[in-house]
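Asker: I am attaching a structure below and will ask some questions about it afterwards.
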Amino acid sequence: MKTEKKYSLPQSERLRGKTRIDNLFANAKGVLSYPYRALFTPNGEEKSVIMVSIPKRKFKHATDRNLLRRRTREAYRLNKALLAEQTANKGFDIAFLYIGDKKEEFPYLQKKMCDLLNKIATKVKEETEQE
RNA sequence: ACAGCAGGACGAUCUGUCGCUGAUAUGUUUCAUAUUGGAGGAAAGUCCGGGCAACAUAGGGCACCAUAUUUCCUAACGGGAAGCUAUCUGCGAGGGUAGAGUAGCGUAACAGAAAAUAACCGCCCUCUUGUAGGGUAAGGGUGAAAAGGUGAGGUAAGAGCUCACGGGUGGCUAUGGCGACAUAGUUGCGGUACGUCUUAUGGGUUGUAAGGUUAUGUAUAUCGGCGUUAUAGGGCUGCCCGUCCGAUGCCGAGGGGUAAACCGCUAAAGCUUUAUGGCAACAUAAAGACGAGAUAAAUGACAGAUGCCAACUUGUUUGGUACAGAACCCGGCUUAUAGACCUGCUGUUUUU
């Protein structure tokens with residue numbers, strides 16, 4: 001992986017395909033860091049692949065959902081190195097679910113995102129140690 | 001100057017850092033680099049109209065739904081423009097609402113005597129003098145609505161009962177207007193509103209997750225042949241008629257699903273400017289510019305500055321900067337919207 005490209009987030013790192021998403025939701029482990037909940041499962045690749053979901057029930061305007069999706073994506077994009085470093089570049093399928101019911105500002109979301117990624121890394125470490 | 005009315009047009013800008021995505025070019029086909037494009041006036045609601053696509057063939061009647069003043073515009077519309085009539089509203093510029101027909105039938109709460117063959121009070125007459133009989137819609141009161149207004153004649157009292165003027169409404173004639181209609185004359189009529197109903201016109205259904213191609217390779221759709229059964233069942237929405245296919249078994253062909261990839265997919269009844277025609281909607285002609293195309297879904301995130309608005313403590317201050325995000329594409333309608341601009345007009349005040 002080239003280090004100068006570490007802040008990018010091309011389409012290949014976004015989760016697509018119905019079967020793969022179904023598989024993620026069926027087998028995933030969860031981690032919570034309000035207002036996010038993350039579901040993840042190892043995917044056997046070098047890169048992690050993500051999706052962002054903002055529930056329509058809580059944000060009924062498409063504009064609000066767009067804003068939150070973009071902020072969340074940016075937060076991941078700028079901090080995804082955290083996860084890669086701690087897990088030796090192992091890849092995961094990850095779904096970020098927004099479970100809050102308010103629009104939050106970017107600095108707050110970024111803080112929570114770091115928190116979330118650290119929790120995932122910790123959980124992965126625990127599991128590998130058990131095995 | 002302030003307050004307002006109508007129409008039109010706009011709805012932040014710049015810099016930096018890090019990113020996403022379409023196209024093109026180059027390297028070379030995992031990908032990288034460069035150039036360049038990348039949300040709206042409503043993209044929204046999904047309420048109308050159209051294009052496009054599928055539904056094997058053939059349709060007809062009824063039902064159902066929508067619309068309903070005139071002329072024009074438009075691909076089309078239930079939309080728009082300019083008018084007409086009635087009515088409500090504003091000092092005004094203006095704005096809102098309604099507009100086929102009415103023979104039959106139904107309804108008109110509460111209040112009120114009575115809600116459509118009107119007698120409670122009142123007024124008048126009669127004689128058997130009282131909880132009586134009759135006449136009367138001028139006056140009172142109720143109500144959303146009380147049976148054609150004013151004046152005079154008339155009468156026991158009254159009443160379109162009669163007359164004059166004026167109003168409503170139907171017919172006829174004349175004039176003006178493309179027309180709705182208006183004006184004038186003449187001649188009738190006298191029960192209000194809503195619904196039902198009637199008439200005319202239009203409407204097949206489903207929506208781009210339509211539908212097509214490719215790949216992979218397998219449930220029982222579909223097709224062909226044979227045999228059997230017999231009007232079951234099915235189809236271009238409901239019911240009826242017509243028409244068409246025929247349950248099931250065996251043999252052969254064939255291919256469901258997988259929202260996988262590609263096409264559909266963006267140049268369009270499009271936009272801007274000018275000219276001509278038209279009161280206008282709009283049409284015609286010429287010139288020009290720009291080109292979103294994603295698919296668990298790009299068009300951004302963050303920081304700083306500027307602009308605009310508001311507040312006061314008048315400052316290198318604080319706060320705010322709308323509604324809202326394309327999903328096949330157009331034309332409309334409706335709804336949301338901080339702020340700010342242009343044009344025309346109205347009222348008030350001041351000055352000349």
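Chain labels follow the order of the structure tokens: the first chain is A, the next B, and so on; residue numbering restarts at 1 in every chain, and ligands are counted from 1 in their shown order.
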Mind checking which residues fall within 10 Å of C328 (chain B), counting only C-alpha atoms (C1' of nucleotides), ignoring those fewer than 2 positions away in the same chain, and posting them as a list in words?
Answerer: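 With the cut-off at 10 Å, the set is C52, U208, A210, G264, C265 and U266 of chain B.
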Asker: Kindly save the residues from that selection, with C-alpha atoms (C1' of nucleotides) included, as a compact mmCIF listing (two decimals), in the first residue's frame.
Answerer:
# COMPACT_ATOMS: atom_id res chain seq x y z
C1' C B 52 -40.96 5.77 -24.42
C1' U B 208 -37.32 2.47 -16.51
C1' A B 210 -40.64 -0.91 -17.81
C1' G B 264 -32.22 1.67 -21.79
C1' C B 265 -29.44 6.78 -19.94
C1' U B 266 -29.59 11.54 -21.43
Asker: Would you give me, as a compact mmCIF listing (two decimals) with N, CA and C atoms (P, O5', C5', C4', C3', O3' and C1' of nucleotides), in the first residue's frame, the residues of chain B that come within 7 Å of chain A, using only C-alpha atoms (C1' of nucleotides)?
Answerer:
# COMPACT_ATOMS: atom_id res chain seq x y z
P G B 19 -5.68 12.95 -0.68
O5' G B 19 -7.23 12.66 -0.56
C5' G B 19 -8.01 12.37 -1.72
C4' G B 19 -9.44 12.18 -1.30
C3' G B 19 -10.37 11.80 -2.43
O3' G B 19 -10.36 10.39 -2.65
C1' G B 19 -11.29 13.63 -1.26
P A B 296 -25.52 0.16 -5.26
O5' A B 296 -25.19 0.87 -3.88
C5' A B 296 -25.86 2.08 -3.55
C4' A B 296 -25.77 2.34 -2.07
C3' A B 296 -24.41 2.03 -1.47
O3' A B 296 -24.11 3.00 -0.48
C1' A B 296 -26.06 0.73 -0.42
P G B 300 -20.88 19.80 -4.08
O5' G B 300 -20.55 19.43 -2.56
C5' G B 300 -21.33 18.47 -1.86
C4' G B 300 -20.43 17.57 -1.06
C3' G B 300 -19.74 18.20 0.14
O3' G B 300 -20.62 18.30 1.25
C1' G B 300 -18.20 16.89 -1.06
P A B 301 -20.40 19.42 2.38
O5' A B 301 -19.14 18.89 3.18
C5' A B 301 -19.24 17.73 4.01
C4' A B 301 -17.91 17.45 4.68
C3' A B 301 -17.33 18.63 5.44
O3' A B 301 -17.87 18.73 6.75
C1' A B 301 -15.67 17.69 4.05
P A B 324 -37.51 21.96 4.45
O5' A B 324 -37.37 21.13 3.11
C5' A B 324 -36.18 20.45 2.79
C4' A B 324 -35.79 20.76 1.35
C3' A B 324 -34.92 19.70 0.68
O3' A B 324 -35.74 18.67 0.13
C1' A B 324 -34.04 21.85 0.28
P G B 325 -35.36 17.13 0.31
O5' G B 325 -34.52 16.81 -1.00
C5' G B 325 -33.19 17.25 -1.13
C4' G B 325 -32.71 17.02 -2.52
C3' G B 325 -32.46 15.54 -2.82
O3' G B 325 -32.76 15.27 -4.18
C1' G B 325 -30.43 16.77 -2.95
Asker: Can you pull out every residue within 12 Å of U349 (chain B), counting only C-alpha atoms (C1' of nucleotides), but drop anything in the same chain fewer than 4 positions away, and send it as a list of chain:residue names?
Answerer: B:A1, B:C2, B:A3
Asker: Would you mind exporting C-alpha atoms (C1' of nucleotides) of the selected residues as a PDB file, in the first residue's frame?
Answerer:
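Output file again.pdb is given in full below:
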ATOM      1  C1'   A B   1     -40.078  59.072   1.938  1.00  0.00           C
ATOM      2  C1'   C B   2     -43.242  55.322   4.102  1.00  0.00           C
ATOM      3  C1'   A B   3     -46.899  51.458   3.417  1.00  0.00           C
TER       4        A B   3
END
Asker: DSSP on the backbone, then: every residue of region 42-113 of chain A marked helix (DSSP H, G or I), written as a PyMOL selection string.
Answerer: chain A and resi 62-86+106-113
Asker: Neighbours of U216 (chain B) within 12 Å (only C-alpha atoms (C1' of nucleotides); same-chain residues fewer than 5 positions away dropped), as a list in words?
Answerer: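 Near neighbours after the sequence-gap exclusion: G257, U258, A260 and A261 of chain B.
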Asker: Include C-alpha atoms (C1' of nucleotides) and write out the residues we just selected as a short mmCIF file (atom, residue, chain, number, x, y, z; two decimals), in the first residue's frame.
Answerer:
data_model
loop_
_atom_site.label_atom_id
_atom_site.label_comp_id
_atom_site.auth_asym_id
_atom_site.auth_seq_id
_atom_site.Cartn_x
_atom_site.Cartn_y
_atom_site.Cartn_z
"C1'" G B 257 -33.50 -17.12 -9.92
"C1'" U B 258 -28.82 -14.58 -9.11
"C1'" A B 260 -23.85 -9.75 -11.69
"C1'" A B 261 -22.29 -6.63 -16.11
#
Asker: Mind giving me the straight-line distance from C1' of A221 (chain B) to C1' of G246 (chain B) in Å, one decimal?
Answerer: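 Between C1' of A221 (chain B) and C1' of G246 (chain B) the gap works out to 16.5 Å.
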Asker: Quick one: everything within 12 Å of G177 (chain B), counting only C-alpha atoms (C1' of nucleotides), minus sequence neighbours fewer than 5 positions away in the same chain. Send it as an MDAnalysis selection string.
Answerer: chainID B and resid 70:71 83:84 182:183
Asker: Save the residues we just selected, N, CA and C atoms (P, O5', C5', C4', C3', O3' and C1' of nucleotides), as a PDB file, in the first residue's frame?
Answerer:
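Below is the file selection.pdb, written as the result:
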ATOM      1  P     U B  70     -67.877  27.171 -23.225  1.00  0.00           P
ATOM      2  O5'   U B  70     -67.455  28.564 -23.852  1.00  0.00           O
ATOM      3  C5'   U B  70     -68.399  29.352 -24.567  1.00  0.00           C
ATOM      4  C4'   U B  70     -67.736  30.599 -25.082  1.00  0.00           C
ATOM      5  C3'   U B  70     -66.483  30.366 -25.915  1.00  0.00           C
ATOM      6  O3'   U B  70     -66.814  30.087 -27.262  1.00  0.00           O
ATOM      7  C1'   U B  70     -66.069  32.060 -24.308  1.00  0.00           C
ATOM      8  P     U B  71     -65.893  29.024 -28.095  1.00  0.00           P
ATOM      9  O5'   U B  71     -64.614  29.897 -28.495  1.00  0.00           O
ATOM     10  C5'   U B  71     -64.752  30.961 -29.441  1.00  0.00           C
ATOM     11  C4'   U B  71     -63.550  31.872 -29.388  1.00  0.00           C
ATOM     12  C3'   U B  71     -62.206  31.205 -29.633  1.00  0.00           C
ATOM     13  O3'   U B  71     -61.932  31.008 -31.000  1.00  0.00           O
ATOM     14  C1'   U B  71     -62.037  32.620 -27.750  1.00  0.00           C
ATOM     15  P     G B  83     -57.792  41.470 -20.536  1.00  0.00           P
ATOM     16  O5'   G B  83     -59.163  41.141 -21.263  1.00  0.00           O
ATOM     17  C5'   G B  83     -60.312  40.731 -20.527  1.00  0.00           C
ATOM     18  C4'   G B  83     -61.315  40.164 -21.491  1.00  0.00           C
ATOM     19  C3'   G B  83     -62.721  40.022 -20.937  1.00  0.00           C
ATOM     20  O3'   G B  83     -63.440  41.245 -21.044  1.00  0.00           O
ATOM     21  C1'   G B  83     -62.072  37.997 -21.953  1.00  0.00           C
ATOM     22  P     C B  84     -64.422  41.660 -19.884  1.00  0.00           P
ATOM     23  O5'   C B  84     -65.590  40.585 -20.022  1.00  0.00           O
ATOM     24  C5'   C B  84     -66.407  40.563 -21.186  1.00  0.00           C
ATOM     25  C4'   C B  84     -67.459  39.489 -21.065  1.00  0.00           C
ATOM     26  C3'   C B  84     -68.268  39.522 -19.779  1.00  0.00           C
ATOM     27  O3'   C B  84     -69.291  40.499 -19.835  1.00  0.00           O
ATOM     28  C1'   C B  84     -67.606  37.292 -20.248  1.00  0.00           C
ATOM     29  P     A B 182     -75.145  39.894 -20.552  1.00  0.00           P
ATOM     30  O5'   A B 182     -74.735  41.277 -21.242  1.00  0.00           O
ATOM     31  C5'   A B 182     -73.725  42.094 -20.662  1.00  0.00           C
ATOM     32  C4'   A B 182     -73.440  43.293 -21.552  1.00  0.00           C
ATOM     33  C3'   A B 182     -74.643  44.186 -21.817  1.00  0.00           C
ATOM     34  O3'   A B 182     -74.833  45.117 -20.753  1.00  0.00           O
ATOM     35  C1'   A B 182     -73.553  43.712 -23.857  1.00  0.00           C
ATOM     36  P     U B 183     -76.320  45.506 -20.308  1.00  0.00           P
ATOM     37  O5'   U B 183     -76.792  46.489 -21.472  1.00  0.00           O
ATOM     38  C5'   U B 183     -76.112  47.727 -21.682  1.00  0.00           C
ATOM     39  C4'   U B 183     -76.555  48.364 -22.984  1.00  0.00           C
ATOM     40  C3'   U B 183     -78.058  48.490 -23.185  1.00  0.00           C
ATOM     41  O3'   U B 183     -78.598  49.593 -22.474  1.00  0.00           O
ATOM     42  C1'   U B 183     -77.078  47.662 -25.165  1.00  0.00           C
TER      43        U B 183
END
Asker: Nearest to G61 (chain B) among B:G255, B:G101, B:G242, B:G203, with distances taken over only C-alpha atoms (C1' of nucleotides): which residue is it?
Answerer: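 Residue with the minimum atom-to-atom distance to G61 (chain B): B:G242.
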Asker: So which residues touch A12 (chain B) within 10 Å, counting only C-alpha atoms (C1' of nucleotides), skipping near sequence neighbours fewer than 6 positions away, as a PyMOL selection string?
Answerer: chain B and resi 307-308+321
Asker: I want to know what sits within 7 Å of Ile94 (chain A), based on only C-alpha atoms (C1' of nucleotides), with residues of the same chain fewer than 4 positions away left out; could you give that as an MDAnalysis selection string?
Answerer: chainID A and resid 38:41 49:51
